[in-house]
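Here is query.txt, consisting of compact mmCIF, N, CA and C atoms and all ligand atoms:
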# COMPACT_ATOMS: atom_id res chain seq x y z
N MET A 175 -153.78 102.45 63.76
CA MET A 175 -153.45 103.85 64.05
C MET A 175 -154.55 104.80 63.56
N ILE A 176 -154.96 104.65 62.27
CA ILE A 176 -156.01 105.57 61.81
C ILE A 176 -157.35 105.18 62.41
N GLY A 177 -158.18 106.21 62.59
CA GLY A 177 -159.51 106.00 63.15
C GLY A 177 -160.58 106.18 62.10
N ARG A 178 -161.57 106.99 62.41
CA ARG A 178 -162.71 107.17 61.52
C ARG A 178 -162.32 107.87 60.22
N LEU A 179 -163.14 107.63 59.19
CA LEU A 179 -163.06 108.42 57.96
C LEU A 179 -163.69 109.78 58.29
N ASN A 180 -162.87 110.83 58.30
CA ASN A 180 -163.41 112.16 58.64
C ASN A 180 -164.17 112.75 57.47
N HIS A 181 -163.56 112.69 56.26
CA HIS A 181 -164.28 113.17 55.08
C HIS A 181 -163.65 112.64 53.80
N VAL A 182 -164.43 112.72 52.74
CA VAL A 182 -163.96 112.49 51.37
C VAL A 182 -164.06 113.85 50.69
N ALA A 183 -162.97 114.29 50.05
CA ALA A 183 -162.97 115.60 49.40
C ALA A 183 -163.13 115.43 47.89
N ILE A 184 -164.02 116.23 47.33
CA ILE A 184 -164.29 116.21 45.89
C ILE A 184 -164.01 117.60 45.35
N ALA A 185 -163.08 117.69 44.39
CA ALA A 185 -162.80 118.96 43.71
C ALA A 185 -163.91 119.19 42.69
N VAL A 186 -164.43 120.40 42.67
CA VAL A 186 -165.58 120.70 41.79
C VAL A 186 -165.29 121.95 40.96
N PRO A 187 -165.78 121.95 39.71
CA PRO A 187 -165.56 123.13 38.86
C PRO A 187 -166.55 124.25 39.13
N ASP A 188 -167.65 123.97 39.81
CA ASP A 188 -168.67 124.99 40.10
C ASP A 188 -169.21 124.69 41.50
N LEU A 189 -168.74 125.48 42.47
CA LEU A 189 -169.05 125.20 43.88
C LEU A 189 -170.54 125.34 44.17
N GLU A 190 -171.15 126.39 43.63
CA GLU A 190 -172.57 126.63 43.89
C GLU A 190 -173.43 125.52 43.29
N ALA A 191 -173.09 125.11 42.07
CA ALA A 191 -173.85 124.04 41.42
C ALA A 191 -173.71 122.72 42.19
N ALA A 192 -172.49 122.45 42.67
CA ALA A 192 -172.27 121.20 43.42
C ALA A 192 -173.04 121.24 44.74
N ALA A 193 -173.01 122.40 45.43
CA ALA A 193 -173.73 122.52 46.70
C ALA A 193 -175.23 122.34 46.48
N ASP A 194 -175.75 122.96 45.41
CA ASP A 194 -177.19 122.83 45.10
C ASP A 194 -177.55 121.38 44.82
N GLN A 195 -176.68 120.68 44.11
CA GLN A 195 -176.96 119.29 43.79
C GLN A 195 -177.02 118.43 45.06
N TYR A 196 -176.07 118.64 45.98
CA TYR A 196 -176.10 117.86 47.22
C TYR A 196 -177.31 118.22 48.07
N ARG A 197 -177.68 119.52 48.04
CA ARG A 197 -178.82 119.98 48.84
C ARG A 197 -180.13 119.46 48.27
N ASN A 198 -180.30 119.65 46.94
CA ASN A 198 -181.61 119.41 46.33
C ASN A 198 -181.76 117.98 45.79
N ALA A 199 -180.83 117.55 44.96
CA ALA A 199 -180.97 116.21 44.36
C ALA A 199 -180.68 115.13 45.39
N LEU A 200 -179.64 115.31 46.22
CA LEU A 200 -179.26 114.26 47.17
C LEU A 200 -179.88 114.47 48.55
N GLY A 201 -180.46 115.64 48.78
CA GLY A 201 -181.15 115.88 50.06
C GLY A 201 -180.22 115.89 51.25
N ALA A 202 -179.01 116.41 51.09
CA ALA A 202 -178.03 116.40 52.18
C ALA A 202 -178.01 117.74 52.90
N LYS A 203 -177.42 117.71 54.11
CA LYS A 203 -177.26 118.92 54.91
C LYS A 203 -175.96 119.61 54.48
N VAL A 204 -176.10 120.76 53.81
CA VAL A 204 -174.95 121.43 53.19
C VAL A 204 -174.60 122.68 53.99
N GLY A 205 -173.34 122.84 54.34
CA GLY A 205 -172.88 124.00 55.10
C GLY A 205 -172.61 125.20 54.21
N ALA A 206 -172.11 126.27 54.83
CA ALA A 206 -171.79 127.50 54.11
C ALA A 206 -170.36 127.42 53.57
N PRO A 207 -170.07 128.15 52.47
CA PRO A 207 -168.69 128.17 51.96
C PRO A 207 -167.74 128.79 52.98
N GLN A 208 -166.55 128.21 53.09
CA GLN A 208 -165.50 128.74 53.97
C GLN A 208 -164.24 128.92 53.13
N ASP A 209 -163.64 130.11 53.18
CA ASP A 209 -162.36 130.33 52.50
C ASP A 209 -161.23 129.86 53.40
N GLU A 210 -160.29 129.12 52.79
CA GLU A 210 -159.11 128.62 53.53
C GLU A 210 -157.87 129.12 52.80
N PRO A 211 -157.50 130.40 52.99
CA PRO A 211 -156.39 130.96 52.21
C PRO A 211 -155.07 130.21 52.41
N ASP A 212 -154.82 129.64 53.59
CA ASP A 212 -153.58 128.89 53.83
C ASP A 212 -153.47 127.66 52.93
N HIS A 213 -154.62 127.15 52.51
CA HIS A 213 -154.63 125.93 51.69
C HIS A 213 -155.02 126.24 50.24
N GLY A 214 -155.35 127.51 49.94
CA GLY A 214 -155.71 127.89 48.57
C GLY A 214 -157.02 127.30 48.10
N VAL A 215 -157.96 127.14 49.02
CA VAL A 215 -159.25 126.53 48.65
C VAL A 215 -160.41 127.22 49.34
N THR A 216 -161.57 127.14 48.68
CA THR A 216 -162.83 127.42 49.34
C THR A 216 -163.52 126.07 49.51
N VAL A 217 -164.04 125.81 50.69
CA VAL A 217 -164.64 124.50 50.96
C VAL A 217 -166.08 124.66 51.42
N ILE A 218 -166.86 123.64 51.11
CA ILE A 218 -168.21 123.50 51.69
C ILE A 218 -168.26 122.09 52.26
N PHE A 219 -168.66 121.98 53.52
CA PHE A 219 -168.81 120.66 54.13
C PHE A 219 -170.26 120.22 54.08
N ILE A 220 -170.41 118.95 53.77
CA ILE A 220 -171.73 118.31 53.73
C ILE A 220 -171.73 117.25 54.81
N GLU A 221 -172.69 117.35 55.71
CA GLU A 221 -172.75 116.43 56.84
C GLU A 221 -173.58 115.21 56.46
N LEU A 222 -172.96 114.04 56.53
CA LEU A 222 -173.69 112.79 56.36
C LEU A 222 -173.77 112.12 57.74
N PRO A 223 -174.65 111.14 57.89
CA PRO A 223 -174.76 110.52 59.23
C PRO A 223 -173.44 109.91 59.72
N ASN A 224 -172.61 109.38 58.81
CA ASN A 224 -171.41 108.67 59.26
C ASN A 224 -170.10 109.33 58.86
N THR A 225 -170.14 110.39 58.06
CA THR A 225 -168.90 111.07 57.67
C THR A 225 -169.27 112.41 57.04
N LYS A 226 -168.32 113.05 56.40
CA LYS A 226 -168.59 114.32 55.71
C LYS A 226 -168.04 114.23 54.29
N ILE A 227 -168.61 115.07 53.44
CA ILE A 227 -168.05 115.31 52.11
C ILE A 227 -167.54 116.74 52.11
N GLU A 228 -166.35 116.95 51.58
CA GLU A 228 -165.74 118.28 51.49
C GLU A 228 -165.71 118.66 50.01
N LEU A 229 -166.51 119.63 49.62
CA LEU A 229 -166.44 120.14 48.25
C LEU A 229 -165.31 121.16 48.22
N LEU A 230 -164.39 121.01 47.27
CA LEU A 230 -163.19 121.85 47.18
C LEU A 230 -163.22 122.65 45.91
N TYR A 231 -162.97 123.92 46.06
CA TYR A 231 -162.94 124.81 44.90
C TYR A 231 -161.70 125.69 45.03
N PRO A 232 -161.00 125.96 43.89
CA PRO A 232 -159.75 126.73 44.01
C PRO A 232 -159.97 128.15 44.52
N MET A 233 -159.03 128.61 45.34
CA MET A 233 -159.03 129.99 45.80
C MET A 233 -157.67 130.57 45.40
N GLY A 234 -157.68 131.45 44.39
CA GLY A 234 -156.43 132.09 43.95
C GLY A 234 -155.73 131.31 42.85
N GLU A 235 -154.79 132.01 42.21
CA GLU A 235 -154.04 131.47 41.07
C GLU A 235 -153.15 130.29 41.45
N ASP A 236 -152.63 130.31 42.69
CA ASP A 236 -151.67 129.29 43.11
C ASP A 236 -152.34 128.10 43.79
N SER A 237 -153.66 128.05 43.71
CA SER A 237 -154.36 126.96 44.39
C SER A 237 -153.92 125.61 43.87
N PRO A 238 -153.68 124.64 44.78
CA PRO A 238 -153.33 123.29 44.32
C PRO A 238 -154.48 122.61 43.57
N ILE A 239 -155.67 123.17 43.68
CA ILE A 239 -156.84 122.57 43.01
C ILE A 239 -156.88 122.94 41.52
N ASN A 240 -156.21 124.03 41.13
CA ASN A 240 -156.23 124.43 39.71
C ASN A 240 -155.68 123.33 38.81
N GLY A 241 -154.55 122.76 39.19
CA GLY A 241 -153.94 121.72 38.38
C GLY A 241 -154.81 120.47 38.32
N PHE A 242 -155.41 120.15 39.47
CA PHE A 242 -156.29 118.97 39.53
C PHE A 242 -157.48 119.14 38.60
N LEU A 243 -158.09 120.34 38.61
CA LEU A 243 -159.25 120.57 37.75
C LEU A 243 -158.85 120.67 36.27
N ALA A 244 -157.61 121.11 36.00
CA ALA A 244 -157.14 121.12 34.61
C ALA A 244 -157.10 119.69 34.07
N LYS A 245 -156.69 118.74 34.94
CA LYS A 245 -156.61 117.33 34.52
C LYS A 245 -157.97 116.64 34.59
N ASN A 246 -158.84 117.15 35.46
CA ASN A 246 -160.15 116.54 35.69
C ASN A 246 -161.22 117.63 35.59
N PRO A 247 -161.53 118.07 34.37
CA PRO A 247 -162.38 119.27 34.22
C PRO A 247 -163.79 119.13 34.79
N THR A 248 -164.29 117.91 34.90
CA THR A 248 -165.63 117.76 35.48
C THR A 248 -165.57 117.55 36.99
N GLY A 249 -164.36 117.61 37.58
CA GLY A 249 -164.20 117.38 39.01
C GLY A 249 -163.81 115.94 39.28
N GLY A 250 -163.57 115.62 40.54
CA GLY A 250 -163.19 114.25 40.89
C GLY A 250 -162.81 114.15 42.35
N ILE A 251 -162.67 112.91 42.84
CA ILE A 251 -162.26 112.70 44.23
C ILE A 251 -160.82 113.17 44.37
N HIS A 252 -160.57 114.05 45.31
CA HIS A 252 -159.26 114.68 45.48
C HIS A 252 -158.47 114.04 46.61
N HIS A 253 -159.10 113.77 47.74
CA HIS A 253 -158.41 113.09 48.85
C HIS A 253 -159.40 112.48 49.82
N VAL A 254 -158.87 111.59 50.67
CA VAL A 254 -159.65 111.06 51.79
C VAL A 254 -158.95 111.50 53.07
N CYS A 255 -159.72 111.73 54.11
CA CYS A 255 -159.15 112.20 55.38
C CYS A 255 -159.47 111.22 56.50
N TYR A 256 -158.41 110.71 57.12
CA TYR A 256 -158.53 109.78 58.24
C TYR A 256 -158.19 110.50 59.54
N GLU A 257 -158.88 110.14 60.59
CA GLU A 257 -158.62 110.74 61.89
C GLU A 257 -157.50 109.98 62.61
N VAL A 258 -156.66 110.75 63.30
CA VAL A 258 -155.62 110.15 64.17
C VAL A 258 -155.66 110.86 65.52
N ASP A 259 -155.21 110.14 66.55
CA ASP A 259 -155.19 110.72 67.91
C ASP A 259 -154.03 111.68 68.08
N ASP A 260 -152.89 111.35 67.47
CA ASP A 260 -151.66 112.13 67.70
C ASP A 260 -150.97 112.29 66.35
N ILE A 261 -151.08 113.47 65.77
CA ILE A 261 -150.62 113.64 64.39
C ILE A 261 -149.10 113.57 64.27
N LEU A 262 -148.38 114.03 65.28
CA LEU A 262 -146.91 113.97 65.19
C LEU A 262 -146.41 112.54 65.32
N ALA A 263 -147.04 111.76 66.20
CA ALA A 263 -146.67 110.34 66.32
C ALA A 263 -147.01 109.61 65.03
N ALA A 264 -148.17 109.94 64.43
CA ALA A 264 -148.58 109.30 63.17
C ALA A 264 -147.58 109.66 62.07
N ARG A 265 -147.20 110.93 61.99
CA ARG A 265 -146.25 111.37 60.96
C ARG A 265 -144.92 110.63 61.11
N ASP A 266 -144.41 110.58 62.34
CA ASP A 266 -143.10 109.96 62.55
C ASP A 266 -143.15 108.47 62.19
N HIS A 267 -144.24 107.81 62.57
CA HIS A 267 -144.40 106.39 62.24
C HIS A 267 -144.44 106.21 60.72
N LEU A 268 -145.21 107.06 60.02
CA LEU A 268 -145.34 106.93 58.57
C LEU A 268 -144.01 107.18 57.87
N LYS A 269 -143.26 108.17 58.35
CA LYS A 269 -141.95 108.44 57.75
C LYS A 269 -141.03 107.23 57.92
N GLU A 270 -141.08 106.60 59.10
CA GLU A 270 -140.29 105.38 59.32
C GLU A 270 -140.69 104.28 58.34
N GLN A 271 -141.97 104.28 57.95
CA GLN A 271 -142.48 103.27 57.02
C GLN A 271 -142.20 103.64 55.56
N GLY A 272 -141.56 104.80 55.34
CA GLY A 272 -141.18 105.19 53.99
C GLY A 272 -142.17 106.08 53.28
N ALA A 273 -143.23 106.51 53.96
CA ALA A 273 -144.21 107.39 53.32
C ALA A 273 -143.67 108.82 53.31
N ARG A 274 -144.01 109.54 52.24
CA ARG A 274 -143.59 110.94 52.13
C ARG A 274 -144.71 111.86 52.61
N VAL A 275 -144.32 112.81 53.46
CA VAL A 275 -145.26 113.82 53.96
C VAL A 275 -145.08 115.05 53.07
N LEU A 276 -146.17 115.62 52.61
CA LEU A 276 -146.09 116.78 51.71
C LEU A 276 -145.77 118.06 52.47
N GLY A 277 -145.24 119.04 51.73
CA GLY A 277 -144.96 120.35 52.31
C GLY A 277 -143.78 120.29 53.26
N SER A 278 -143.83 121.12 54.30
CA SER A 278 -142.71 121.22 55.24
C SER A 278 -142.63 120.01 56.16
N GLY A 279 -143.68 119.21 56.20
CA GLY A 279 -143.72 118.09 57.13
C GLY A 279 -144.31 118.47 58.48
N GLU A 280 -144.54 119.79 58.66
CA GLU A 280 -145.17 120.24 59.91
C GLU A 280 -146.67 120.37 59.67
N PRO A 281 -147.50 119.97 60.65
CA PRO A 281 -148.96 120.09 60.47
C PRO A 281 -149.38 121.54 60.27
N LYS A 282 -150.40 121.71 59.42
CA LYS A 282 -151.07 123.01 59.25
C LYS A 282 -152.44 122.90 59.89
N ILE A 283 -153.03 124.05 60.17
CA ILE A 283 -154.39 124.02 60.70
C ILE A 283 -155.37 123.87 59.53
N GLY A 284 -156.22 122.86 59.61
CA GLY A 284 -157.15 122.55 58.52
C GLY A 284 -158.50 123.22 58.68
N ALA A 285 -159.44 122.79 57.85
CA ALA A 285 -160.75 123.44 57.77
C ALA A 285 -161.57 123.32 59.05
N HIS A 286 -161.23 122.39 59.93
CA HIS A 286 -161.99 122.25 61.19
C HIS A 286 -161.23 122.84 62.36
N GLY A 287 -160.17 123.63 62.07
CA GLY A 287 -159.39 124.21 63.16
C GLY A 287 -158.49 123.21 63.85
N LYS A 288 -158.26 122.04 63.23
CA LYS A 288 -157.42 120.99 63.83
C LYS A 288 -156.19 120.80 62.94
N PRO A 289 -155.08 120.28 63.52
CA PRO A 289 -153.87 120.06 62.72
C PRO A 289 -154.08 118.97 61.67
N VAL A 290 -153.55 119.23 60.46
CA VAL A 290 -153.65 118.26 59.37
C VAL A 290 -152.31 118.12 58.66
N LEU A 291 -152.13 116.98 58.03
CA LEU A 291 -150.97 116.70 57.17
C LEU A 291 -151.47 115.94 55.95
N PHE A 292 -150.70 116.05 54.85
CA PHE A 292 -151.04 115.29 53.64
C PHE A 292 -149.89 114.35 53.30
N LEU A 293 -150.26 113.16 52.83
CA LEU A 293 -149.29 112.12 52.47
C LEU A 293 -149.27 111.93 50.96
N HIS A 294 -148.10 111.68 50.41
CA HIS A 294 -147.92 111.63 48.96
C HIS A 294 -148.81 110.55 48.32
N PRO A 295 -149.60 110.92 47.30
CA PRO A 295 -150.49 109.93 46.69
C PRO A 295 -149.76 108.73 46.09
N LYS A 296 -148.52 108.94 45.62
CA LYS A 296 -147.80 107.81 45.01
C LYS A 296 -147.44 106.75 46.04
N ASP A 297 -147.44 107.13 47.32
CA ASP A 297 -147.15 106.16 48.38
C ASP A 297 -148.42 105.47 48.88
N PHE A 298 -149.60 105.89 48.39
CA PHE A 298 -150.87 105.34 48.88
C PHE A 298 -151.80 105.00 47.71
N ASN A 299 -151.25 104.23 46.77
CA ASN A 299 -152.08 103.67 45.69
C ASN A 299 -152.77 104.75 44.87
N GLY A 300 -152.10 105.88 44.71
CA GLY A 300 -152.66 106.94 43.87
C GLY A 300 -153.67 107.82 44.58
N CYS A 301 -153.81 107.64 45.89
CA CYS A 301 -154.82 108.42 46.63
C CYS A 301 -154.14 109.38 47.61
N LEU A 302 -154.36 110.67 47.42
CA LEU A 302 -153.88 111.66 48.38
C LEU A 302 -154.59 111.42 49.73
N VAL A 303 -153.80 111.31 50.79
CA VAL A 303 -154.35 111.02 52.12
C VAL A 303 -154.09 112.22 53.04
N GLU A 304 -155.15 112.69 53.68
CA GLU A 304 -155.04 113.73 54.71
C GLU A 304 -155.21 113.05 56.07
N LEU A 305 -154.37 113.45 57.01
CA LEU A 305 -154.56 113.00 58.39
C LEU A 305 -155.00 114.20 59.21
N GLU A 306 -155.98 114.02 60.05
CA GLU A 306 -156.44 115.10 60.92
C GLU A 306 -156.45 114.61 62.36
N GLU A 307 -155.82 115.41 63.23
CA GLU A 307 -155.83 115.06 64.66
C GLU A 307 -157.17 115.47 65.24
N VAL A 308 -157.79 114.56 65.94
CA VAL A 308 -159.12 114.89 66.53
C VAL A 308 -159.09 114.71 68.04
CO CO A 401 -159.72 117.60 53.52

In structure tokens, what does this structure look like?
Ligand code: CO
Amino acid sequence: MIGRLNHVAIAVPDLEAAADQYRNALGAKVGAPQDEPDHGVTVIFIELPNTKIELLYPMGEDSPINGFLAKNPTGGIHHVCYEVDDILAARDHLKEQGARVLGSGEPKIGAHGKPVLFLHPKDFNGCLVELEEV
């Protein structure tokens, strides 16, 4: 059911420093910061030949990234995002398999303007999973 790895998201305590490191030390193609108020994050996408890295930084007091950075002050891998053809079919199948969908269970529009859902990390070996319809 899942397709390509769309991105790996890394929560960072300093967005500018992380972007500079990917640009200068790692020599990657780094995009511009984008605010995602619906998700409480500011993101920067880094284009790699085979996938993307999403740098995540909290936006606002209620950002879900604040708690993550409190537990992981130097930053850390926050989630992986897999592509699916049909997000509602994927959600329904996963619910049948016993996986918990976070939030209302309805897809939200993600950073690429496409519908996304998140799956409970406790149901996936401690890894928060994002699904994105492509
Ligand atoms: Co993501």

Who sits within 7 Å of A:Tyr256, all atoms listed in the file, same chain under 2 positions skipped, as a VMD selection string: chain A and resid 176 to 181 254 258 303 to 307

Selection as a PyMOL selection string: residues within 7 Å of (-151.6, 126.4, 50.1), counting all atoms listed in the file: chain A and resi 211-215+236-238

One-decimal distance in Å that lies between atom CA of A:Ala206 and atom CA of A:Leu229: 10.8 Å

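Excluding stretch 248-253 of chain A itself and same-chain residues fewer than 4 positions from it, the residues having an atom within 6 Å of it are His181, Val182, Ala183, Ile184, Ala185, Val186, Pro187, Leu243, Cys301, Leu302, Val303 and Glu304 of chain A, counting only N, CA and C atoms.
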
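Distance cut-off 10 Å, centre (-170.9, 112.5, 56.1), atoms counted only C-alpha atoms; the residues meeting this are Leu179, Asn180, His181, Val182, Ala202, Lys203, Phe219, Ile220, Glu221, Leu222, Pro223, Asn224, Thr225, Lys226, Ile227 and Glu228 of chain A.
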
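The two atoms in question, atom C of A:Leu189 and atom N of A:Asp209, are spaced 12.3 Å apart.
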